[in-house]
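Here the structure is laid out as structure tokens; the discussion comes afterwards.
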Amino acid sequence: MPFWSGETLLRELPSIVTEGYDPDRVDCAAYTLRMGSEAYVSPSEAEQDPKKITIQQIGRAGAFTIPPGQFAFLLTEEHIKIPQGAIGFISIKTRIKFRGLVNVSGFHVDPGYSGRLIFAVFNAGPRPIHLRRGDECFLMWLASLDDPNTKMIRDKDGFNSINTDLVSKISGPVMSFEGLNAKIGDLKKDYDKRIGTIELQNAIIKWAAMAIFAILIGVVVTPTIRGAWQDWSSPNDGALAPGQTSQAKDNKER
């Protein structure tokens, strides 16, 4: 399965890239494809209403972003038609890969495919990735088959726009690492707040119990101590002096 050289690409591509062909985009043994007119970016947890997020129509000077941790479908500007005797291989340009954009779709284009390409991508980087229509984002290589397909012919229509069936499969909010980290931080703050409230309540209960205990001591114990003190400190006229008999006491009182 020999891959096509740059010279072969220059010779064959005008009949393969049926819309948007530019010989200046032949890059060594690959052809550079551009960002096209449509994109869909999955809603993040920060979106107010994820159900309203849909396919974006990108104008000639339009731009969009793919937040960290989000999926996207990207449509190419070029319309291609792969010969029955060849197969295509696709990838993302290195400078965009280094930002964290990963191709999670198929990595080949079937023999006989006719249409635009849709790249399914994921932003695995820490920052939003900004793209504009016309940006040179993708690469395509072509290789010859040992025999042209005559029986195993692709009979499916290619893409000219982003299919809504694709969008429906990832239309829900996707939790990113950044979002998870923020939620963990919020949970920690809430946990610390709850612990602080519980500790304050426990302290109030402790001091209230001590106050009630002190009041009970004052109500129950203090009168007992006061009575005992009064009995001890008042004169004891009815008591016998040491060595005195009851009769001597009576005579003394007479």
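Ordering of the structure tokens sets the chain letters (A, B, ...), residue numbers begin anew at 1 in every chain, and ligands are numbered from 1 in the order given.
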
Item to check | Nearby residues (only C-alpha atoms) at most 8 Å from stretch 151-164 of chain A, same-chain spacing under 4 positions excluded, as number ranges by chain | outcome: A: 38-40, 55, 73-75, 79, 84, 110-118, 168

With all heavy atoms retained, could you export that selection as a short mmCIF file (atom, residue, chain, number, x, y, z; two decimals), in the first residue's frame?
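Final output, saved to again-v5.cif:
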```
data_model
loop_
_atom_site.label_atom_id
_atom_site.label_comp_id
_atom_site.auth_asym_id
_atom_site.auth_seq_id
_atom_site.Cartn_x
_atom_site.Cartn_y
_atom_site.Cartn_z
N GLU A 38 -19.45 24.74 9.49
CA GLU A 38 -20.27 24.28 10.61
C GLU A 38 -19.42 23.67 11.71
O GLU A 38 -18.38 23.06 11.45
CB GLU A 38 -21.30 23.24 10.14
CG GLU A 38 -22.41 23.81 9.29
CD GLU A 38 -23.48 22.77 8.96
OE1 GLU A 38 -23.31 21.58 9.33
OE2 GLU A 38 -24.48 23.14 8.33
N ALA A 39 -19.90 23.84 12.93
CA ALA A 39 -19.25 23.22 14.10
C ALA A 39 -20.31 23.00 15.16
O ALA A 39 -21.28 23.73 15.27
CB ALA A 39 -18.14 24.11 14.63
N TYR A 40 -20.10 21.95 15.91
CA TYR A 40 -20.93 21.72 17.09
C TYR A 40 -20.00 21.45 18.27
O TYR A 40 -19.12 20.60 18.20
CB TYR A 40 -21.87 20.52 16.91
CG TYR A 40 -22.59 20.17 18.20
CD1 TYR A 40 -23.69 20.90 18.62
CD2 TYR A 40 -22.12 19.15 19.01
CE1 TYR A 40 -24.32 20.61 19.82
CE2 TYR A 40 -22.75 18.85 20.22
CZ TYR A 40 -23.85 19.57 20.60
OH TYR A 40 -24.47 19.29 21.80
N ILE A 55 -25.94 23.22 16.53
CA ILE A 55 -24.92 23.38 15.50
C ILE A 55 -24.72 24.86 15.19
O ILE A 55 -25.68 25.61 15.02
CB ILE A 55 -25.33 22.62 14.22
CG1 ILE A 55 -25.48 21.13 14.54
CG2 ILE A 55 -24.31 22.83 13.11
CD1 ILE A 55 -26.16 20.34 13.44
N PHE A 73 -17.78 18.51 16.90
CA PHE A 73 -17.78 18.02 15.53
C PHE A 73 -17.40 19.19 14.64
O PHE A 73 -17.99 20.27 14.74
CB PHE A 73 -19.16 17.49 15.12
CG PHE A 73 -19.54 16.20 15.79
CD1 PHE A 73 -20.67 16.12 16.59
CD2 PHE A 73 -18.79 15.05 15.62
CE1 PHE A 73 -21.03 14.94 17.21
CE2 PHE A 73 -19.13 13.86 16.23
CZ PHE A 73 -20.26 13.80 17.03
N LEU A 74 -16.43 18.96 13.77
CA LEU A 74 -15.92 20.02 12.90
C LEU A 74 -16.04 19.58 11.45
O LEU A 74 -15.58 18.49 11.08
CB LEU A 74 -14.45 20.33 13.23
CG LEU A 74 -14.12 20.62 14.71
CD1 LEU A 74 -12.63 20.84 14.88
CD2 LEU A 74 -14.93 21.80 15.23
N LEU A 75 -16.65 20.42 10.63
CA LEU A 75 -16.85 20.12 9.22
C LEU A 75 -15.75 20.77 8.39
O LEU A 75 -15.39 21.93 8.61
CB LEU A 75 -18.22 20.67 8.76
CG LEU A 75 -18.66 20.31 7.35
CD1 LEU A 75 -19.04 18.84 7.26
CD2 LEU A 75 -19.85 21.20 6.93
N HIS A 79 -14.68 19.59 -0.12
CA HIS A 79 -15.48 18.43 -0.51
C HIS A 79 -14.55 17.50 -1.28
O HIS A 79 -13.84 17.92 -2.18
CB HIS A 79 -16.65 18.88 -1.40
CG HIS A 79 -17.61 17.78 -1.75
ND1 HIS A 79 -17.30 16.78 -2.64
CD2 HIS A 79 -18.87 17.53 -1.32
CE1 HIS A 79 -18.33 15.96 -2.76
NE2 HIS A 79 -19.30 16.40 -1.96
N GLN A 84 -11.94 4.67 -6.06
CA GLN A 84 -12.15 3.29 -5.61
C GLN A 84 -10.83 2.55 -5.38
O GLN A 84 -10.79 1.58 -4.62
CB GLN A 84 -12.99 2.53 -6.64
CG GLN A 84 -14.40 3.04 -6.79
CD GLN A 84 -15.25 2.76 -5.55
OE1 GLN A 84 -14.90 1.94 -4.73
NE2 GLN A 84 -16.37 3.45 -5.45
N ASP A 110 -12.96 5.96 3.58
CA ASP A 110 -13.18 4.77 2.76
C ASP A 110 -13.00 5.05 1.26
O ASP A 110 -13.26 6.17 0.79
CB ASP A 110 -14.60 4.24 2.96
CG ASP A 110 -14.78 3.63 4.34
OD1 ASP A 110 -13.79 3.14 4.90
OD2 ASP A 110 -15.92 3.67 4.86
N PRO A 111 -12.57 4.04 0.53
CA PRO A 111 -12.57 4.17 -0.94
C PRO A 111 -13.98 4.47 -1.44
O PRO A 111 -14.97 3.88 -0.99
CB PRO A 111 -12.11 2.78 -1.41
CG PRO A 111 -11.36 2.21 -0.25
CD PRO A 111 -12.01 2.74 0.97
N GLY A 112 -14.09 5.41 -2.36
CA GLY A 112 -15.39 5.78 -2.93
C GLY A 112 -16.15 6.81 -2.12
O GLY A 112 -17.25 7.24 -2.55
N TYR A 113 -15.62 7.24 -0.97
CA TYR A 113 -16.34 8.26 -0.18
C TYR A 113 -16.42 9.56 -0.95
O TYR A 113 -15.45 10.02 -1.54
CB TYR A 113 -15.65 8.49 1.16
CG TYR A 113 -16.30 9.59 1.98
CD1 TYR A 113 -17.39 9.32 2.79
CD2 TYR A 113 -15.85 10.91 1.90
CE1 TYR A 113 -18.00 10.31 3.53
CE2 TYR A 113 -16.45 11.92 2.64
CZ TYR A 113 -17.53 11.62 3.44
OH TYR A 113 -18.15 12.62 4.15
N SER A 114 -17.60 10.20 -0.90
CA SER A 114 -17.79 11.49 -1.56
C SER A 114 -18.55 12.41 -0.62
O SER A 114 -19.67 12.12 -0.21
CB SER A 114 -18.58 11.32 -2.86
OG SER A 114 -18.80 12.57 -3.49
N GLY A 115 -17.94 13.51 -0.23
CA GLY A 115 -18.56 14.47 0.66
C GLY A 115 -17.51 15.23 1.45
O GLY A 115 -16.31 15.09 1.21
N ARG A 116 -17.98 16.03 2.39
CA ARG A 116 -17.07 16.71 3.30
C ARG A 116 -16.74 15.77 4.46
O ARG A 116 -17.47 14.81 4.72
CB ARG A 116 -17.69 18.01 3.81
CG ARG A 116 -17.75 19.09 2.72
CD ARG A 116 -18.34 20.38 3.23
NE ARG A 116 -18.12 21.45 2.26
CZ ARG A 116 -18.83 21.66 1.18
NH1 ARG A 116 -19.88 20.86 0.91
NH2 ARG A 116 -18.55 22.64 0.35
N LEU A 117 -15.67 16.06 5.16
CA LEU A 117 -15.27 15.24 6.29
C LEU A 117 -15.74 15.90 7.59
O LEU A 117 -15.73 17.12 7.71
CB LEU A 117 -13.76 15.06 6.32
CG LEU A 117 -13.13 14.37 5.11
CD1 LEU A 117 -11.61 14.30 5.28
CD2 LEU A 117 -13.70 12.97 4.92
N ILE A 118 -16.14 15.06 8.54
CA ILE A 118 -16.48 15.54 9.88
C ILE A 118 -15.47 14.95 10.86
O ILE A 118 -15.33 13.73 10.96
CB ILE A 118 -17.91 15.13 10.28
CG1 ILE A 118 -18.93 15.83 9.38
CG2 ILE A 118 -18.17 15.48 11.75
CD1 ILE A 118 -20.37 15.43 9.68
N SER A 168 -27.17 14.68 18.58
CA SER A 168 -28.06 14.17 19.63
C SER A 168 -27.34 13.22 20.59
O SER A 168 -27.70 13.12 21.76
CB SER A 168 -29.26 13.45 19.00
OG SER A 168 -30.00 14.33 18.19
#
```

Of the candidates A:Gly6, A:Gly62, A:Gly88, A:Pro126, which one gets nearest to A:Trp141 if we count only C-alpha atoms?
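The closest residue to A:Trp141 is A:Gly88.
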
Can you tell me, as a ChimeraX atom specification, what residues are no more than 10 Å from A:Arg132 when counting only C-alpha atoms, ignoring any on the same chain fewer than 5 positions away?
-> /A:34-37,58-65,137

Output the selection as a PDB file, in the first residue's frame - N, CA and C atoms for each residue.
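Listed below is the output, out_25.pdb:
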```
ATOM      1  N   ARG A  34      -9.139  22.518   5.609  1.00  0.00           N
ATOM      2  CA  ARG A  34      -9.455  23.683   6.432  1.00  0.00           C
ATOM      3  C   ARG A  34     -10.752  23.511   7.226  1.00  0.00           C
ATOM      4  N   MET A  35     -10.856  24.333   8.258  1.00  0.00           N
ATOM      5  CA  MET A  35     -12.101  24.395   9.024  1.00  0.00           C
ATOM      6  C   MET A  35     -13.187  24.976   8.138  1.00  0.00           C
ATOM      7  N   GLY A  36     -14.377  24.333   8.172  1.00  0.00           N
ATOM      8  CA  GLY A  36     -15.449  24.728   7.272  1.00  0.00           C
ATOM      9  C   GLY A  36     -16.532  25.570   7.922  1.00  0.00           C
ATOM     10  N   SER A  37     -17.749  25.432   7.414  1.00  0.00           N
ATOM     11  CA  SER A  37     -18.846  26.356   7.738  1.00  0.00           C
ATOM     12  C   SER A  37     -19.699  25.923   8.920  1.00  0.00           C
ATOM     13  N   ILE A  58     -20.819  28.876  10.815  1.00  0.00           N
ATOM     14  CA  ILE A  58     -19.628  29.720  10.886  1.00  0.00           C
ATOM     15  C   ILE A  58     -19.542  30.569   9.621  1.00  0.00           C
ATOM     16  N   GLY A  59     -19.604  31.871   9.780  1.00  0.00           N
ATOM     17  CA  GLY A  59     -19.471  32.771   8.635  1.00  0.00           C
ATOM     18  C   GLY A  59     -18.047  32.815   8.115  1.00  0.00           C
ATOM     19  N   ARG A  60     -17.848  33.595   7.071  1.00  0.00           N
ATOM     20  CA  ARG A  60     -16.530  33.648   6.423  1.00  0.00           C
ATOM     21  C   ARG A  60     -15.438  34.091   7.381  1.00  0.00           C
ATOM     22  N   ALA A  61     -15.768  34.996   8.292  1.00  0.00           N
ATOM     23  CA  ALA A  61     -14.776  35.451   9.269  1.00  0.00           C
ATOM     24  C   ALA A  61     -15.136  34.959  10.671  1.00  0.00           C
ATOM     25  N   GLY A  62     -16.029  33.966  10.744  1.00  0.00           N
ATOM     26  CA  GLY A  62     -16.521  33.504  12.037  1.00  0.00           C
ATOM     27  C   GLY A  62     -15.502  32.680  12.808  1.00  0.00           C
ATOM     28  N   ALA A  63     -15.647  32.707  14.125  1.00  0.00           N
ATOM     29  CA  ALA A  63     -14.750  31.952  15.005  1.00  0.00           C
ATOM     30  C   ALA A  63     -15.567  31.347  16.140  1.00  0.00           C
ATOM     31  N   PHE A  64     -14.980  30.388  16.834  1.00  0.00           N
ATOM     32  CA  PHE A  64     -15.643  29.734  17.956  1.00  0.00           C
ATOM     33  C   PHE A  64     -14.573  29.135  18.863  1.00  0.00           C
ATOM     34  N   THR A  65     -14.984  28.650  20.013  1.00  0.00           N
ATOM     35  CA  THR A  65     -14.048  28.048  20.958  1.00  0.00           C
ATOM     36  C   THR A  65     -14.526  26.657  21.365  1.00  0.00           C
ATOM     37  N   CYS A 137      -6.436  23.173   9.665  1.00  0.00           N
ATOM     38  CA  CYS A 137      -6.478  22.369  10.892  1.00  0.00           C
ATOM     39  C   CYS A 137      -6.138  20.893  10.688  1.00  0.00           C
TER      40      CYS A 137
END
```
